[in-house]
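**Q** Sending over final_8.cif (mmCIF, C-alpha atoms).
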```
data_upload
#
loop_
_atom_site.group_PDB
_atom_site.id
_atom_site.type_symbol
_atom_site.label_atom_id
_atom_site.label_comp_id
_atom_site.auth_asym_id
_atom_site.auth_seq_id
_atom_site.Cartn_x
_atom_site.Cartn_y
_atom_site.Cartn_z
ATOM 1 C CA MET A 1 26.113 48.271 154.917
ATOM 2 C CA SER A 2 25.296 51.960 154.849
ATOM 3 C CA LEU A 3 27.628 54.751 155.831
ATOM 4 C CA TYR A 4 26.395 57.587 158.009
ATOM 5 C CA GLU A 5 27.722 60.866 159.312
ATOM 6 C CA LEU A 6 26.438 62.225 162.578
ATOM 7 C CA THR A 7 27.330 65.702 163.808
ATOM 8 C CA PHE A 8 25.819 67.051 166.971
ATOM 9 C CA ILE A 9 26.168 70.190 169.057
ATOM 10 C CA LEU A 10 26.308 70.065 172.841
ATOM 11 C CA ARG A 11 25.382 72.865 175.247
ATOM 12 C CA GLN A 12 28.132 75.420 175.856
ATOM 13 C CA ASP A 13 28.245 75.148 179.673
ATOM 14 C CA ILE A 14 28.947 71.452 179.868
ATOM 15 C CA ALA A 15 31.911 69.753 181.561
ATOM 16 C CA ASN A 16 34.600 68.228 179.352
ATOM 17 C CA SER A 17 34.128 64.814 180.955
ATOM 18 C CA GLU A 18 30.448 64.965 180.050
ATOM 19 C CA ILE A 19 31.236 65.398 176.331
ATOM 20 C CA LYS A 20 33.181 62.157 176.247
ATOM 21 C CA LYS A 21 30.428 60.421 178.173
ATOM 22 C CA ILE A 22 27.723 61.430 175.694
ATOM 23 C CA SER A 23 29.704 60.501 172.584
ATOM 24 C CA ASP A 24 30.615 57.183 174.191
ATOM 25 C CA LYS A 25 26.987 56.536 174.960
ATOM 26 C CA LEU A 26 25.964 57.138 171.341
ATOM 27 C CA SER A 27 28.772 55.008 169.922
ATOM 28 C CA HIS A 28 27.792 52.269 172.339
ATOM 29 C CA VAL A 29 24.265 52.338 170.919
ATOM 30 C CA ILE A 30 25.644 51.969 167.395
ATOM 31 C CA LYS A 31 27.930 49.084 168.336
ATOM 32 C CA GLU A 32 25.183 47.329 170.247
ATOM 33 C CA ASN A 33 22.974 47.312 167.145
ATOM 34 C CA GLY A 34 25.605 45.804 164.891
ATOM 35 C CA GLY A 35 27.338 48.977 163.739
ATOM 36 C CA GLN A 36 30.939 50.050 163.489
ATOM 37 C CA ILE A 37 32.524 53.403 164.384
ATOM 38 C CA LEU A 38 34.921 54.550 161.682
ATOM 39 C CA LYS A 39 35.746 58.028 162.898
ATOM 40 C CA GLU A 40 35.226 60.105 165.985
ATOM 41 C CA GLU A 41 36.173 63.769 166.104
ATOM 42 C CA TYR A 42 35.796 66.615 168.529
ATOM 43 C CA TRP A 43 35.816 69.980 166.765
ATOM 44 C CA GLY A 44 35.971 71.961 169.991
ATOM 45 C CA LEU A 45 33.938 74.833 171.355
ATOM 46 C CA ARG A 46 32.914 76.857 168.321
ATOM 47 C CA ASN A 47 30.935 80.023 167.817
ATOM 48 C CA LEU A 48 27.445 79.329 166.503
ATOM 49 C CA ALA A 49 26.264 81.335 163.501
ATOM 50 C CA TYR A 50 23.030 82.022 165.382
ATOM 51 C CA MET A 51 21.689 81.362 168.857
ATOM 52 C CA ILE A 52 20.293 77.912 169.610
ATOM 53 C CA ASN A 53 18.376 77.567 172.876
ATOM 54 C CA LYS A 54 20.171 80.659 174.243
ATOM 55 C CA ASN A 55 23.570 79.149 173.440
ATOM 56 C CA LYS A 56 26.091 81.330 171.622
ATOM 57 C CA LYS A 57 28.716 78.614 171.489
ATOM 58 C CA GLY A 58 28.613 74.857 171.236
ATOM 59 C CA HIS A 59 30.763 71.738 171.455
ATOM 60 C CA TYR A 60 30.786 69.993 168.087
ATOM 61 C CA VAL A 61 31.160 66.209 167.978
ATOM 62 C CA PHE A 62 31.434 64.324 164.696
ATOM 63 C CA LEU A 63 30.926 60.590 164.112
ATOM 64 C CA VAL A 64 31.235 58.401 161.031
ATOM 65 C CA PHE A 65 29.845 54.899 161.280
ATOM 66 C CA ASN A 66 28.327 52.116 159.264
ATOM 67 C CA THR A 67 25.425 49.899 160.086
ATOM 68 C CA SER A 68 23.056 47.610 158.245
ATOM 69 C CA THR A 69 20.204 47.740 160.745
ATOM 70 C CA ALA A 70 17.484 50.356 160.814
ATOM 71 C CA GLN A 71 17.181 49.649 164.518
ATOM 72 C CA ALA A 72 20.512 51.361 165.212
ATOM 73 C CA ILE A 73 19.390 54.569 163.471
ATOM 74 C CA LYS A 74 16.009 54.498 165.139
ATOM 75 C CA GLU A 75 17.501 54.045 168.599
ATOM 76 C CA LEU A 76 20.136 56.709 167.935
ATOM 77 C CA LYS A 77 17.511 59.247 166.915
ATOM 78 C CA ARG A 78 15.424 58.435 169.963
ATOM 79 C CA ILE A 79 18.307 58.946 172.371
ATOM 80 C CA ILE A 80 19.358 62.203 170.695
ATOM 81 C CA ALA A 81 15.809 63.529 170.926
ATOM 82 C CA LEU A 82 15.632 62.665 174.629
ATOM 83 C CA SER A 83 19.024 64.117 175.519
ATOM 84 C CA GLU A 84 18.826 67.642 176.883
ATOM 85 C CA ASN A 85 22.517 68.342 176.369
ATOM 86 C CA ILE A 86 22.330 67.880 172.605
ATOM 87 C CA VAL A 87 20.912 71.078 171.146
ATOM 88 C CA ARG A 88 21.244 70.236 167.455
ATOM 89 C CA ASP A 89 22.108 67.221 165.322
ATOM 90 C CA LEU A 90 22.528 66.297 161.683
ATOM 91 C CA LEU A 91 22.465 62.668 160.570
ATOM 92 C CA ILE A 92 23.141 62.075 156.887
ATOM 93 C CA LYS A 93 23.916 59.112 154.686
ATOM 94 C CA ILE A 94 27.193 59.248 152.758
ATOM 95 C CA LYS A 95 28.291 57.289 149.729
ATOM 96 C CA SER A 96 31.935 56.776 150.588
ATOM 97 C CA PHE A 97 34.441 57.456 153.331
ATOM 98 C CA ASN A 98 38.182 57.797 152.830
ATOM 99 C CA GLY A 99 39.212 57.580 156.497
ATOM 100 C CA LYS A 100 40.896 60.986 156.502
ATOM 101 C CA ASP A 101 40.370 63.728 159.057
ATOM 102 C CA SER A 102 37.564 66.114 158.154
ATOM 103 C CA ILE A 103 38.237 69.714 157.100
ATOM 104 C CA MET A 104 37.357 70.980 160.547
ATOM 105 C CA MET A 105 40.282 69.070 162.050
ATOM 106 C CA GLN A 106 42.781 70.721 159.715
ATOM 107 C CA LYS A 107 43.840 73.436 162.101
ATOM 108 C CA ASP A 108 44.781 76.310 159.820
ATOM 109 C CA LYS A 109 41.468 76.212 157.982
ATOM 110 C CA ALA A 110 39.445 76.070 161.165
ATOM 111 C CA GLU A 111 41.274 79.082 162.584
ATOM 112 C CA LYS A 112 40.746 81.021 159.400
ATOM 113 C CA TYR A 113 37.037 80.492 159.754
ATOM 114 C CA GLU A 114 37.025 81.542 163.412
ATOM 115 C CA GLY A 115 38.873 84.715 162.495
ATOM 116 C CA LYS A 116 36.188 85.625 159.999
ATOM 117 C CA LYS A 117 33.632 85.810 162.786
ATOM 118 C CA VAL A 118 30.526 84.967 160.805
ATOM 119 C CA MET B 1 31.005 105.590 106.782
ATOM 120 C CA LYS B 2 28.645 104.314 109.414
ATOM 121 C CA GLY B 3 26.468 101.399 108.293
ATOM 122 C CA LYS B 4 28.443 100.883 105.126
ATOM 123 C CA ARG B 5 30.626 98.242 106.645
ATOM 124 C CA TYR B 6 28.680 95.333 105.248
ATOM 125 C CA LYS B 7 27.644 96.930 102.013
ATOM 126 C CA ASN B 8 28.959 95.138 98.987
ATOM 127 C CA THR B 9 30.529 97.832 96.832
ATOM 128 C CA ASN B 10 30.506 95.655 93.705
ATOM 129 C CA ARG B 11 26.788 95.226 93.912
ATOM 130 C CA HIS B 12 24.495 97.542 92.034
ATOM 131 C CA GLU B 13 22.492 99.887 94.270
ATOM 132 C CA ASN B 14 19.100 98.579 93.186
ATOM 133 C CA GLU B 15 20.135 94.950 93.365
ATOM 134 C CA SER B 16 18.317 93.053 96.083
ATOM 135 C CA TYR B 17 19.886 90.825 98.711
ATOM 136 C CA GLY B 18 19.363 87.069 98.756
ATOM 137 C CA PRO B 19 17.100 85.338 101.276
ATOM 138 C CA GLY B 20 18.462 85.509 104.803
ATOM 139 C CA GLU B 21 21.486 87.496 103.815
ATOM 140 C CA VAL B 22 20.502 90.684 105.595
ATOM 141 C CA HIS B 23 19.531 88.714 108.677
ATOM 142 C CA ALA B 24 22.928 87.029 108.735
ATOM 143 C CA MET B 25 24.621 90.409 108.516
ATOM 144 C CA TYR B 26 22.638 91.766 111.419
ATOM 145 C CA GLU B 27 23.308 88.680 113.466
ATOM 146 C CA ASP B 28 27.012 89.002 112.844
ATOM 147 C CA ALA B 29 26.997 92.640 113.936
ATOM 148 C CA TYR B 30 24.974 91.742 117.034
ATOM 149 C CA LYS B 31 27.472 89.075 118.021
ATOM 150 C CA ARG B 32 30.306 91.562 117.715
ATOM 151 C CA LEU B 33 28.483 94.018 119.955
ATOM 152 C CA PHE B 34 27.751 91.574 122.732
ATOM 153 C CA PHE B 35 30.698 89.277 122.468
ATOM 154 C CA ARG B 36 31.458 87.549 125.747
ATOM 155 C CA LYS B 37 33.873 84.768 126.510
ATOM 156 C CA LYS B 38 32.132 81.577 127.589
ATOM 157 C CA ARG B 39 32.743 80.923 131.293
ATOM 158 C CA THR B 40 32.899 77.411 132.670
ATOM 159 C CA CYS B 41 31.776 76.076 136.034
ATOM 160 C CA PRO B 42 34.200 77.276 138.749
ATOM 161 C CA LEU B 43 34.075 73.884 140.474
ATOM 162 C CA SER B 44 34.583 71.765 137.371
ATOM 163 C CA THR B 45 38.092 70.817 138.497
ATOM 164 C CA THR B 46 37.463 70.523 142.245
ATOM 165 C CA PRO B 47 36.915 66.987 143.548
ATOM 166 C CA GLN B 48 33.308 66.212 144.451
ATOM 167 C CA GLU B 49 34.230 65.239 148.016
ATOM 168 C CA HIS B 50 35.292 68.829 148.708
ATOM 169 C CA ILE B 51 31.703 69.958 148.202
ATOM 170 C CA ASP B 52 30.652 69.291 151.759
ATOM 171 C CA TYR B 53 28.758 71.039 154.536
ATOM 172 C CA LYS B 54 31.931 71.027 156.636
ATOM 173 C CA ASN B 55 33.823 73.029 154.018
ATOM 174 C CA VAL B 56 32.549 76.393 155.195
ATOM 175 C CA GLU B 57 35.239 78.328 153.377
ATOM 176 C CA LEU B 58 34.103 77.008 150.018
ATOM 177 C CA LEU B 59 30.392 77.398 150.727
ATOM 178 C CA SER B 60 30.781 81.001 151.854
ATOM 179 C CA LYS B 61 31.828 81.906 148.303
ATOM 180 C CA PHE B 62 28.343 81.065 147.083
ATOM 181 C CA ILE B 63 26.288 83.060 149.573
ATOM 182 C CA SER B 64 25.527 86.751 149.476
ATOM 183 C CA GLU B 65 26.526 89.296 152.109
ATOM 184 C CA ARG B 66 23.183 88.758 153.768
ATOM 185 C CA GLY B 67 23.633 85.018 153.802
ATOM 186 C CA ARG B 68 21.345 84.119 150.916
ATOM 187 C CA ILE B 69 22.241 81.448 148.379
ATOM 188 C CA LEU B 70 23.353 83.067 145.115
ATOM 189 C CA PRO B 71 21.585 82.014 141.901
ATOM 190 C CA ASN B 72 23.099 79.967 139.125
ATOM 191 C CA ARG B 73 23.484 82.930 136.811
ATOM 192 C CA VAL B 74 25.679 84.738 139.328
ATOM 193 C CA THR B 75 27.766 81.824 140.565
ATOM 194 C CA ASN B 76 28.153 80.330 137.075
ATOM 195 C CA LEU B 77 28.034 76.844 138.557
ATOM 196 C CA SER B 78 26.881 73.906 136.497
ATOM 197 C CA ALA B 79 23.375 72.697 137.320
ATOM 198 C CA LYS B 80 24.774 69.620 139.018
ATOM 199 C CA ASN B 81 27.192 71.519 141.237
ATOM 200 C CA GLN B 82 24.681 74.268 142.012
ATOM 201 C CA LYS B 83 22.267 71.664 143.356
ATOM 202 C CA ARG B 84 24.944 70.096 145.518
ATOM 203 C CA ILE B 85 26.204 73.433 146.843
ATOM 204 C CA THR B 86 22.638 74.456 147.683
ATOM 205 C CA GLN B 87 22.062 71.232 149.611
ATOM 206 C CA GLU B 88 25.336 71.512 151.517
ATOM 207 C CA ILE B 89 24.662 75.159 152.433
ATOM 208 C CA LYS B 90 21.324 74.061 153.864
ATOM 209 C CA ASN B 91 23.035 71.331 155.892
ATOM 210 C CA ALA B 92 25.628 73.801 157.171
ATOM 211 C CA ARG B 93 22.845 76.174 158.220
ATOM 212 C CA ILE B 94 21.210 73.474 160.331
ATOM 213 C CA LEU B 95 24.492 73.002 162.184
ATOM 214 C CA ALA B 96 24.903 76.780 162.675
ATOM 215 C CA LEU B 97 28.120 76.840 160.662
ATOM 216 C CA ILE B 98 26.546 79.363 158.273
ATOM 217 C CA PRO B 99 23.788 81.785 159.306
ATOM 218 C CA PHE B 100 20.301 81.773 157.787
ATOM 219 C CA VAL B 101 20.378 85.590 157.753
ATOM 220 C CA LYS B 102 23.053 88.134 158.552
ATOM 221 C CA TYR B 103 21.930 91.483 159.850
#
```
Would you kindly transcribe this structure into structure tokens?
**A**
Amino acid sequence: MSLYELTFILRQDIANSEIKKISDKLSHVIKENGGQILKEEYWGLRNLAYMINKNKKGHYVFLVFNTSTAQAIKELKRIIALSENIVRDLLIKIKSFNGKDSIMMQKDKAEKYEGKKV
Amino acid sequence: MKGKRYKNTNRHENESYGPGEVHAMYEDAYKRLFFRKKRTCPLSTTPQEHIDYKNVELLSKFISERGRILPNRVTNLSAKNQKRITQEIKNARILALIPFVKY
């Protein structure tokens, strides 16, 4: 089993119901190919450090999952590439996962960063 | 009395110094001039899991005002941690958490 972290950014002018739909769709793909979702987080609408496809802000969604099949990763990448609502993604392999909330979900730290206005 | 600090007063003026003795004296004086306390890696006590692309607050300490990654000699990080920080900054840039350049 390999552990993965997937973070992706959705377009700024997207409906809230759509966000859930897209993350559900991706997690469904993982489950279908013999994977397991360990964590799902929504970081909210954040300011981007630079413009991506004319977007100044973006909805950040974060997933941690494990899978032993390459098929799951391949299919996931294909769907992300085809989706027009996903403007950016980062899929990395991690060594361990402690089940805790990520730093972005710890409110005070996230606000501090927003205040800095990078 | 400048320069007489290391002169052995018991020694006869014409007496020569032993091999390497003068060099050792110079080296000692040099060390005194440029004495600096040895600084350790600033992340030596932080847990490795904190070095992460999501930890923007930590990463922003190791980038310049313009958003460039600072070199090892400035950050004083160990080679291992510098490599990790560099990689995580690059990941954070992809996700637009940290800018590539600030104007």
**Q** Kindly assemble as a Markdown table a list of the chain B residues that lie within 10 Å of chain A, each paired with its nearest atom pair and their distance in Å to one decimal, using only C-alpha atoms, sorted first by chain and then by ascending residue number.
**A**
```
| residue | atom | partner | partner_atom | distance |
| --- | --- | --- | --- | --- |
| B:Glu49 | CA | A:Ser96 | CA | 9.1 |
| B:His50 | CA | A:Ile103 | CA | 8.9 |
| B:Asp52 | CA | A:Ile103 | CA | 9.3 |
| B:Tyr53 | CA | A:Ile103 | CA | 9.9 |
| B:Lys54 | CA | A:Ile103 | CA | 6.5 |
| B:Asn55 | CA | A:Ile103 | CA | 6.3 |
| B:Val56 | CA | A:Tyr113 | CA | 7.6 |
| B:Glu57 | CA | A:Tyr113 | CA | 7.0 |
| B:Ser60 | CA | A:Val118 | CA | 9.8 |
| B:Gly67 | CA | A:Val118 | CA | 9.8 |
| B:Asn91 | CA | A:Leu90 | CA | 7.7 |
| B:Ala92 | CA | A:Leu90 | CA | 9.3 |
| B:Arg93 | CA | A:Ala49 | CA | 8.1 |
| B:Ile94 | CA | A:Leu90 | CA | 7.4 |
| B:Leu95 | CA | A:Arg88 | CA | 6.8 |
| B:Ala96 | CA | A:Ala49 | CA | 4.8 |
| B:Leu97 | CA | A:Ala49 | CA | 5.6 |
| B:Ile98 | CA | A:Ala49 | CA | 5.6 |
| B:Pro99 | CA | A:Ala49 | CA | 4.9 |
| B:Phe100 | CA | A:Tyr50 | CA | 8.1 |
| B:Val101 | CA | A:Tyr50 | CA | 8.8 |
| B:Lys102 | CA | A:Val118 | CA | 8.4 |
```
**Q** Could you check the closest approach to Val74 of chain B for each of B:Pro47, B:Lys90, B:Cys41, B:Phe34 and tell me which residue wins, using all atoms listed in the file?
**A**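 Result for the nearest residue to Val74 of chain B: B:Cys41.
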**Q** Would you mind reading off the distance between atom CA of Lys95 of chain A and atom CA of Tyr4 of chain A, one decimal, in Å?
**A**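 The value is 8.5 Å.
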**Q** Which is closer to Glu41 of chain A than all the others in A:Ala15, A:Phe62, A:Lys77, A:Ser27, using only C-alpha atoms?
**A**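 Going through A:Ala15, A:Phe62, A:Lys77, A:Ser27 one by one, the smallest distance to Glu41 of chain A is for A:Phe62.
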**Q** The residues within 6 Å of (27.5, 75.0, 149.6), using only C-alpha atoms and the coordinates of the file, should be reported as an mmCIF file with C-alpha atoms, in the frame of the given file; which are they?
**A**
```cif
data_model
loop_
_atom_site.group_PDB
_atom_site.id
_atom_site.type_symbol
_atom_site.label_atom_id
_atom_site.label_comp_id
_atom_site.auth_asym_id
_atom_site.auth_seq_id
_atom_site.Cartn_x
_atom_site.Cartn_y
_atom_site.Cartn_z
ATOM 1 C CA LEU B 59 30.392 77.398 150.727
ATOM 2 C CA ILE B 85 26.204 73.433 146.843
ATOM 3 C CA THR B 86 22.638 74.456 147.683
ATOM 4 C CA GLU B 88 25.336 71.512 151.517
ATOM 5 C CA ILE B 89 24.662 75.159 152.433
#
```
**Q** Please measure the separation of atom CA of Gly35 of chain A and atom CA of Asn66 of chain A, giving the value in Å to one decimal.
**A** 5.6 Å
**Q** Give me, please, the distance in Å between atom CA of Asn81 of chain B and atom CA of Lys61 of chain B, quoted to one decimal.
**A** 13.4 Å
**Q** Spell out the residues picked by the PyMOL selection byres ((chain A and resi 42) around 9) here, as number ranges by chain.
**A** A: 40-41, 43-45, 59-63, 105
